[in-house]
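Trainee: Before we start, here is the structure in question, set down as C-alpha coordinates.
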Amino acid sequence: MFHHIALGDVQIIAAVLFCLGLAVALTRRNVFLLLMGIELMLNAVNLSFVGFSRGLDAQASLVGQMTPIFIIAIAAAEACVGLAMVICIVRGRESLDSDAFADMKE
Amino acid sequence: MLHVLDAILGPAYFWLFASISMLCGLGLLLSRHPINGALYLIGVMLSLSGIYALLHSPFLAVLQVLVYAGAIMMLVVFVIMVLNQAKEHVIPLFDWFSLAGLILPVVLGGALVTTALQVKPTFTLNDPLGLIEAPIADQSALRVQFNAINAGDKATYQWEFGDRTSAGGRQNDHTYAAAGTYTAKLTIADSASKNGTASVTFQSVSVPRGEVAILAATMFNSHRNGPGYYLLFELIGVLLLAAVVGAVVLAKRNLDSPPPLKVTNEEGHH
(Lines give C-alpha, C1' and ligand atoms only; values in the text may rest on other atoms or scores of the structure.)
Protein backbone atom coordinates (compact mmCIF):
# COMPACT_ATOMS: atom_id res chain seq x y z
CA MET A 1 0.00 0.00 0.00
CA PHE A 2 1.28 3.40 -0.89
CA HIS A 3 -0.30 5.60 1.74
CA HIS A 4 0.76 3.44 4.64
CA ILE A 5 3.81 3.48 6.82
CA ALA A 6 5.04 0.58 8.92
CA LEU A 7 4.62 1.01 12.66
CA GLY A 8 8.16 -0.26 13.17
CA ASP A 9 9.45 2.89 11.47
CA VAL A 10 7.96 4.98 14.28
CA GLN A 11 9.90 2.87 16.77
CA ILE A 12 13.13 3.37 14.79
CA ILE A 13 12.65 7.15 14.86
CA ALA A 14 11.93 6.99 18.59
CA ALA A 15 15.10 4.94 19.15
CA VAL A 16 17.23 7.41 17.17
CA LEU A 17 15.81 10.37 19.11
CA PHE A 18 16.36 8.61 22.44
CA CYS A 19 19.98 7.88 21.62
CA LEU A 20 20.55 11.47 20.50
CA GLY A 21 19.14 12.68 23.81
CA LEU A 22 21.32 10.20 25.71
CA ALA A 23 24.37 11.40 23.80
CA VAL A 24 23.56 15.02 24.65
CA ALA A 25 23.05 14.21 28.34
CA LEU A 26 26.24 12.15 28.56
CA THR A 27 28.69 14.24 26.55
CA ARG A 28 27.79 17.91 26.90
CA ARG A 29 29.01 19.70 30.02
CA ASN A 30 26.62 22.64 29.99
CA VAL A 31 23.78 22.14 32.48
CA PHE A 32 21.16 23.56 30.10
CA LEU A 33 22.16 21.11 27.38
CA LEU A 34 22.12 18.34 30.01
CA LEU A 35 18.51 19.18 30.95
CA MET A 36 17.50 19.47 27.29
CA GLY A 37 19.00 16.05 26.53
CA ILE A 38 16.80 14.57 29.27
CA GLU A 39 13.76 16.31 27.77
CA LEU A 40 14.63 14.85 24.37
CA MET A 41 14.81 11.35 25.86
CA LEU A 42 11.37 11.81 27.47
CA ASN A 43 9.97 12.95 24.12
CA ALA A 44 11.36 9.87 22.38
CA VAL A 45 9.68 7.62 24.95
CA ASN A 46 6.39 9.46 24.34
CA LEU A 47 6.70 8.84 20.61
CA SER A 48 7.37 5.16 21.28
CA PHE A 49 4.21 4.92 23.43
CA VAL A 50 2.07 6.56 20.76
CA GLY A 51 3.53 4.34 18.05
CA PHE A 52 2.81 1.17 20.02
CA SER A 53 -0.68 2.31 20.95
CA ARG A 54 -1.53 2.80 17.27
CA GLY A 55 -1.16 -0.93 16.70
CA LEU A 56 -3.75 -1.81 19.34
CA ASP A 57 -7.50 -1.67 19.19
CA ALA A 58 -9.32 1.51 20.14
CA GLN A 59 -9.76 1.01 23.88
CA ALA A 60 -6.23 -0.21 24.55
CA SER A 61 -4.95 2.56 22.30
CA LEU A 62 -6.33 5.19 24.67
CA VAL A 63 -4.21 3.82 27.51
CA GLY A 64 -1.13 4.15 25.31
CA GLN A 65 -2.00 7.76 24.59
CA MET A 66 -2.69 8.54 28.25
CA THR A 67 0.75 7.58 29.54
CA PRO A 68 2.55 10.36 27.59
CA ILE A 69 0.29 12.92 29.31
CA PHE A 70 1.67 11.83 32.67
CA ILE A 71 5.20 11.96 31.26
CA ILE A 72 4.61 15.50 29.97
CA ALA A 73 3.34 16.60 33.38
CA ILE A 74 6.36 15.07 35.12
CA ALA A 75 8.69 16.67 32.57
CA ALA A 76 7.15 20.05 33.30
CA ALA A 77 7.69 19.59 37.02
CA GLU A 78 11.24 18.37 36.41
CA ALA A 79 12.03 21.40 34.26
CA CYS A 80 10.72 23.79 36.93
CA VAL A 81 12.64 22.19 39.79
CA GLY A 82 15.77 21.61 37.72
CA LEU A 83 15.96 25.15 36.41
CA ALA A 84 15.31 26.59 39.90
CA MET A 85 18.20 24.48 41.21
CA VAL A 86 20.41 25.64 38.34
CA ILE A 87 19.67 29.29 39.14
CA CYS A 88 20.41 28.76 42.84
CA ILE A 89 23.69 26.94 42.19
CA VAL A 90 24.89 29.28 39.45
CA ARG A 91 24.41 32.27 41.76
CA GLY A 92 27.14 30.86 44.01
CA ARG A 93 29.43 29.20 41.45
CA GLU A 94 29.48 31.69 38.59
CA SER A 95 29.69 28.78 36.15
CA LEU A 96 27.32 26.74 34.02
CA ASP A 97 29.69 23.81 33.63
CA SER A 98 28.39 20.67 35.30
CA ASP A 99 31.91 19.85 36.50
CA ALA A 100 31.74 22.94 38.69
CA PHE A 101 28.88 21.34 40.61
CA ALA A 102 30.90 18.23 41.41
CA ASP A 103 31.78 19.24 44.96
CA MET A 104 28.16 18.80 46.05
CA LYS A 105 29.21 15.27 46.96
CA GLU A 106 31.80 16.43 49.48
CA MET B 1 -8.48 13.27 -6.84
CA LEU B 2 -8.54 14.04 -3.14
CA HIS B 3 -7.74 10.42 -2.34
CA VAL B 4 -4.70 10.47 -4.59
CA LEU B 5 -3.51 13.65 -2.90
CA ASP B 6 -4.03 12.06 0.53
CA ALA B 7 -2.12 8.98 -0.51
CA ILE B 8 0.89 11.01 -1.59
CA LEU B 9 0.84 13.68 1.09
CA GLY B 10 0.31 11.46 4.14
CA PRO B 11 3.60 9.51 4.19
CA ALA B 12 5.37 12.57 2.79
CA TYR B 13 4.31 14.56 5.85
CA PHE B 14 5.32 11.72 8.14
CA TRP B 15 8.82 11.42 6.70
CA LEU B 16 9.17 15.20 6.55
CA PHE B 17 8.39 15.52 10.27
CA ALA B 18 10.57 12.51 11.08
CA SER B 19 13.59 13.90 9.25
CA ILE B 20 13.10 17.37 10.77
CA SER B 21 12.97 15.87 14.26
CA MET B 22 16.10 13.76 13.77
CA LEU B 23 18.06 16.61 12.17
CA CYS B 24 17.07 18.96 14.99
CA GLY B 25 18.13 16.32 17.52
CA LEU B 26 21.52 16.18 15.82
CA GLY B 27 21.65 19.97 15.90
CA LEU B 28 21.02 19.88 19.66
CA LEU B 29 23.93 17.48 20.09
CA LEU B 30 26.28 19.72 18.10
CA SER B 31 25.02 23.14 19.19
CA ARG B 32 27.66 25.61 20.35
CA HIS B 33 25.36 27.64 22.56
CA PRO B 34 22.47 26.67 24.89
CA ILE B 35 20.07 29.05 23.13
CA ASN B 36 20.74 27.31 19.79
CA GLY B 37 20.14 23.98 21.47
CA ALA B 38 16.83 25.24 22.88
CA LEU B 39 15.67 26.34 19.42
CA TYR B 40 16.63 22.93 17.97
CA LEU B 41 14.72 21.20 20.77
CA ILE B 42 11.62 23.28 20.01
CA GLY B 43 11.95 22.09 16.40
CA VAL B 44 12.02 18.47 17.61
CA MET B 45 8.91 18.99 19.74
CA LEU B 46 6.89 20.69 17.00
CA SER B 47 7.68 17.97 14.47
CA LEU B 48 6.84 15.28 17.05
CA SER B 49 3.50 17.02 17.52
CA GLY B 50 2.90 16.70 13.78
CA ILE B 51 3.73 12.98 13.96
CA TYR B 52 1.24 12.56 16.84
CA ALA B 53 -1.44 14.24 14.75
CA LEU B 54 -0.70 11.93 11.82
CA LEU B 55 -0.87 8.92 14.15
CA HIS B 56 -4.42 9.86 15.16
CA SER B 57 -3.55 11.20 18.61
CA PRO B 58 -4.97 14.72 18.31
CA PHE B 59 -5.16 15.57 22.01
CA LEU B 60 -1.56 14.62 22.58
CA ALA B 61 -0.48 16.66 19.56
CA VAL B 62 -2.16 19.75 20.95
CA LEU B 63 -0.78 19.10 24.42
CA GLN B 64 2.71 18.67 22.99
CA VAL B 65 2.63 22.14 21.44
CA LEU B 66 0.97 23.78 24.44
CA VAL B 67 2.97 22.27 27.28
CA TYR B 68 6.31 21.25 25.79
CA ALA B 69 6.97 23.80 23.08
CA GLY B 70 4.93 26.49 24.79
CA ALA B 71 5.54 26.26 28.51
CA ILE B 72 8.62 24.14 29.20
CA MET B 73 10.85 25.40 26.41
CA MET B 74 9.80 28.99 27.04
CA LEU B 75 10.88 28.52 30.65
CA VAL B 76 14.22 27.08 29.54
CA VAL B 77 14.86 29.93 27.11
CA PHE B 78 13.85 32.46 29.74
CA VAL B 79 16.25 31.03 32.32
CA ILE B 80 19.09 30.88 29.78
CA MET B 81 18.60 34.56 29.07
CA VAL B 82 18.25 35.47 32.75
CA LEU B 83 21.59 33.81 33.41
CA ASN B 84 23.11 35.95 30.67
CA GLN B 85 23.95 33.10 28.37
CA ALA B 86 22.63 34.84 25.27
CA LYS B 87 25.88 36.69 24.70
CA GLU B 88 28.30 35.91 21.94
CA HIS B 89 30.47 33.20 23.33
CA VAL B 90 30.56 29.51 22.67
CA ILE B 91 30.83 26.59 25.01
CA PRO B 92 33.26 23.73 24.46
CA LEU B 93 31.77 21.04 22.25
CA PHE B 94 33.46 17.77 23.18
CA ASP B 95 36.66 16.73 24.84
CA TRP B 96 38.24 13.29 24.74
CA PHE B 97 36.64 12.21 27.98
CA SER B 98 33.14 13.18 26.93
CA LEU B 99 33.63 11.61 23.49
CA ALA B 100 33.89 8.29 25.33
CA GLY B 101 30.33 8.97 26.48
CA LEU B 102 29.20 8.69 22.87
CA ILE B 103 29.97 4.96 22.81
CA LEU B 104 26.94 3.97 24.88
CA PRO B 105 24.32 5.86 22.78
CA VAL B 106 25.83 4.61 19.52
CA VAL B 107 25.85 0.98 20.68
CA LEU B 108 22.36 1.27 22.17
CA GLY B 109 20.98 2.93 19.06
CA GLY B 110 22.47 0.33 16.76
CA ALA B 111 21.07 -2.49 18.87
CA LEU B 112 17.59 -0.92 19.03
CA VAL B 113 17.38 -0.17 15.32
CA THR B 114 18.59 -3.60 14.25
CA THR B 115 16.12 -5.19 16.67
CA ALA B 116 13.27 -3.15 15.25
CA LEU B 117 14.28 -4.09 11.72
CA GLN B 118 14.68 -7.79 12.35
CA VAL B 119 11.56 -8.72 14.27
CA LYS B 120 9.31 -11.31 12.71
CA PRO B 121 5.97 -12.70 13.74
CA THR B 122 6.34 -16.13 15.24
CA PHE B 123 4.10 -19.16 14.96
CA THR B 124 3.34 -21.90 17.38
CA LEU B 125 1.88 -24.86 15.59
CA ASN B 126 -0.24 -27.05 17.84
CA ASP B 127 -1.27 -29.70 15.42
CA PRO B 128 -1.17 -33.26 16.78
CA LEU B 129 -3.16 -34.67 13.86
CA GLY B 130 -1.03 -33.01 11.20
CA LEU B 131 -3.84 -31.08 9.54
CA ILE B 132 -2.19 -27.73 8.88
CA GLU B 133 0.81 -27.11 6.75
CA ALA B 134 3.23 -24.46 7.91
CA PRO B 135 1.61 -21.04 7.52
CA ILE B 136 3.28 -18.43 5.39
CA ALA B 137 3.29 -14.90 6.77
CA ASP B 138 3.77 -11.57 5.10
CA GLN B 139 5.50 -9.66 7.87
CA SER B 140 4.74 -6.17 6.78
CA ALA B 141 1.01 -6.57 6.35
CA LEU B 142 -0.02 -9.07 9.06
CA ARG B 143 -1.11 -11.38 6.25
CA VAL B 144 -0.96 -15.12 6.77
CA GLN B 145 -1.57 -17.84 4.24
CA PHE B 146 -3.11 -20.93 5.80
CA ASN B 147 -3.06 -24.31 4.07
CA ALA B 148 -4.78 -27.47 5.19
CA ILE B 149 -3.80 -30.96 4.12
CA ASN B 150 -5.75 -32.64 1.40
CA ALA B 151 -8.31 -34.76 3.21
CA GLY B 152 -10.13 -36.12 0.21
CA ASP B 153 -12.74 -34.88 -2.21
CA LYS B 154 -15.72 -34.85 0.10
CA ALA B 155 -14.04 -33.26 3.08
CA THR B 156 -15.17 -29.84 4.27
CA TYR B 157 -12.82 -27.36 5.84
CA GLN B 158 -13.81 -24.73 8.36
CA TRP B 159 -11.33 -22.13 9.54
CA GLU B 160 -11.71 -19.84 12.51
CA PHE B 161 -8.98 -17.27 12.44
CA GLY B 162 -9.17 -16.16 16.05
CA ASP B 163 -10.36 -12.65 15.34
CA ARG B 164 -14.05 -13.62 15.10
CA THR B 165 -13.87 -14.26 11.40
CA SER B 166 -14.19 -17.63 9.76
CA ALA B 167 -14.03 -19.07 6.30
CA GLY B 168 -14.30 -22.35 4.48
CA GLY B 169 -12.03 -23.82 1.89
CA ARG B 170 -8.75 -25.64 1.98
CA GLN B 171 -6.52 -22.65 1.45
CA ASN B 172 -7.09 -19.27 2.97
CA ASP B 173 -5.33 -15.97 2.80
CA HIS B 174 -6.13 -13.98 5.89
CA THR B 175 -5.09 -10.49 6.92
CA TYR B 176 -5.29 -9.52 10.56
CA ALA B 177 -6.43 -6.03 11.39
CA ALA B 178 -3.99 -5.36 14.21
CA ALA B 179 -0.94 -6.94 15.75
CA GLY B 180 -1.65 -9.38 18.52
CA THR B 181 -1.89 -13.01 19.48
CA TYR B 182 -4.41 -15.04 17.57
CA THR B 183 -5.23 -18.71 17.63
CA ALA B 184 -6.46 -19.92 14.31
CA LYS B 185 -8.42 -23.17 14.36
CA LEU B 186 -9.16 -25.63 11.60
CA THR B 187 -11.90 -28.22 11.62
CA ILE B 188 -11.95 -30.89 8.93
CA ALA B 189 -14.98 -33.12 8.49
CA ASP B 190 -14.73 -35.83 5.87
CA SER B 191 -17.17 -38.37 4.55
CA ALA B 192 -16.22 -41.03 7.06
CA SER B 193 -17.38 -38.58 9.77
CA LYS B 194 -13.89 -38.21 11.09
CA ASN B 195 -13.54 -34.80 12.67
CA GLY B 196 -10.25 -33.27 13.48
CA THR B 197 -9.25 -29.88 14.81
CA ALA B 198 -5.91 -28.22 14.84
CA SER B 199 -4.84 -24.80 15.90
CA VAL B 200 -2.03 -22.46 15.01
CA THR B 201 -1.10 -19.52 17.16
CA PHE B 202 -0.02 -16.47 15.28
CA GLN B 203 1.90 -14.36 17.71
CA SER B 204 3.14 -10.98 16.70
CA VAL B 205 6.26 -9.87 18.49
CA SER B 206 6.74 -6.79 20.61
CA VAL B 207 7.20 -4.35 17.75
CA PRO B 208 4.01 -4.23 15.72
CA ARG B 209 4.74 -4.78 12.08
CA GLY B 210 1.34 -3.64 10.98
CA GLU B 211 0.75 -0.63 8.87
CA VAL B 212 -1.37 2.36 9.66
CA ALA B 213 -3.11 4.57 7.22
CA ILE B 214 -1.52 8.00 7.32
CA LEU B 215 -3.79 10.34 5.49
CA ALA B 216 -3.10 13.98 4.97
CA ALA B 217 -6.81 14.51 5.50
CA THR B 218 -6.26 14.11 9.23
CA MET B 219 -4.34 17.36 9.24
CA PHE B 220 -6.54 19.52 7.06
CA ASN B 221 -9.98 18.06 6.70
CA SER B 222 -12.55 18.74 9.37
CA HIS B 223 -15.19 16.17 8.54
CA ARG B 224 -13.56 12.93 7.46
CA ASN B 225 -11.00 11.97 10.04
CA GLY B 226 -11.60 14.34 12.88
CA PRO B 227 -11.01 18.03 13.42
CA GLY B 228 -8.49 19.65 11.14
CA TYR B 229 -7.02 22.31 13.35
CA TYR B 230 -3.66 20.65 14.02
CA LEU B 231 -2.02 22.74 11.37
CA LEU B 232 -3.21 25.85 13.19
CA PHE B 233 -1.46 24.69 16.32
CA GLU B 234 1.68 24.02 14.33
CA LEU B 235 1.44 27.57 12.98
CA ILE B 236 1.07 28.90 16.52
CA GLY B 237 4.19 26.94 17.42
CA VAL B 238 6.08 28.46 14.50
CA LEU B 239 4.96 31.92 15.61
CA LEU B 240 6.25 31.10 19.09
CA LEU B 241 9.56 30.07 17.58
CA ALA B 242 9.72 33.34 15.66
CA ALA B 243 9.01 35.25 18.88
CA VAL B 244 11.84 33.44 20.67
CA VAL B 245 14.27 34.10 17.82
CA GLY B 246 13.23 37.74 17.76
CA ALA B 247 13.76 38.06 21.50
CA VAL B 248 17.24 36.55 21.19
CA VAL B 249 18.18 38.84 18.32
CA LEU B 250 16.90 41.89 20.16
CA ALA B 251 18.74 40.89 23.32
CA LYS B 252 21.97 40.41 21.45
CA ARG B 253 21.67 43.71 19.65
CA ASN B 254 20.36 46.08 22.28
CA LEU B 255 21.36 44.90 25.71
CA ASP B 256 24.55 46.28 27.08
CA SER B 257 25.22 43.66 29.70
CA PRO B 258 28.18 42.94 31.95
CA PRO B 259 30.64 40.31 30.69
CA PRO B 260 29.24 36.79 30.55
CA LEU B 261 29.72 34.06 33.10
CA LYS B 262 32.63 31.70 32.92
CA VAL B 263 31.81 28.41 31.26
CA THR B 264 35.28 26.91 30.92
CA ASN B 265 36.52 23.77 32.59
CA GLU B 266 38.55 25.57 35.21
CA GLU B 267 39.42 23.87 38.46
CA GLY B 268 39.66 25.57 41.80
CA HIS B 269 36.24 25.44 43.40
CA HIS B 270 37.18 22.85 46.01
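Naming works like this for the C-alpha coordinates: A, B, ... for the chains as they're shown, residue 1 at the start of each chain, ligands 1 onward in shown order.
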Compile the residues of chain A that lie within 8 Å of chain B, evaluated using only C-alpha atoms, and express the compilation as a PyMOL selection string.

Mentor: chain A and resi 2-8+11-13+15-17+19-24+26-28+30+32-33+36+40+43+47+50-52+54-57+65+68-69+72+76+79-80+83+87+94-97+99-100+103

Trainee: How would you write, as a list of chain:residue names, the set of residues in chain A that DSSP gives as strand (DSSP E or B)?

Mentor: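 Answer for chain A, restricted to strand (DSSP E or B): A:His4, A:Ile5, A:Ala6, A:Asn30, A:Ser95, A:Asp97.
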
Trainee: Looking only at helix (DSSP H, G or I) from DSSP on the backbone, list the matching residues of segment 4-119 of chain B as JSON, numbers by chain.

Mentor: {"B": [4, 5, 6, 7, 8, 9, 10, 11, 12, 13, 14, 15, 16, 17, 18, 19, 20, 21, 22, 23, 24, 25, 26, 27, 28, 29, 34, 35, 36, 37, 38, 39, 40, 41, 42, 43, 44, 45, 46, 47, 48, 49, 50, 51, 52, 53, 54, 58, 59, 60, 61, 62, 63, 64, 65, 66, 67, 68, 69, 70, 71, 72, 73, 74, 75, 76, 77, 78, 79, 80, 81, 82, 96, 97, 98, 99, 100, 103, 104, 105, 106, 107, 108, 109, 110, 111, 112, 113, 114, 115, 116, 117, 118]}

Trainee: Between B:Asp163, B:Phe78, B:Ile20, B:Ala69, which has the minimum distance to Ala84 of chain A (counting only C-alpha atoms)?

Mentor: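 Nearest to Ala84 of chain A: B:Phe78.
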
Trainee: Report, in Å to a single decimal, how far apart atom CA of Met41 of chain A and atom CA of Leu240 of chain B are.

Mentor: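 Atom-to-atom, atom CA of Leu240 of chain B to atom CA of Met41 of chain A, that is 22.6 Å.
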
Trainee: Could you please determine the separation between atom CA of Val31 of chain A and atom CA of Ala247 of chain B in Å, to one decimal place?

Mentor: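 Taking atom CA of Val31 of chain A as the start and atom CA of Ala247 of chain B as the end point, the length is 21.8 Å.
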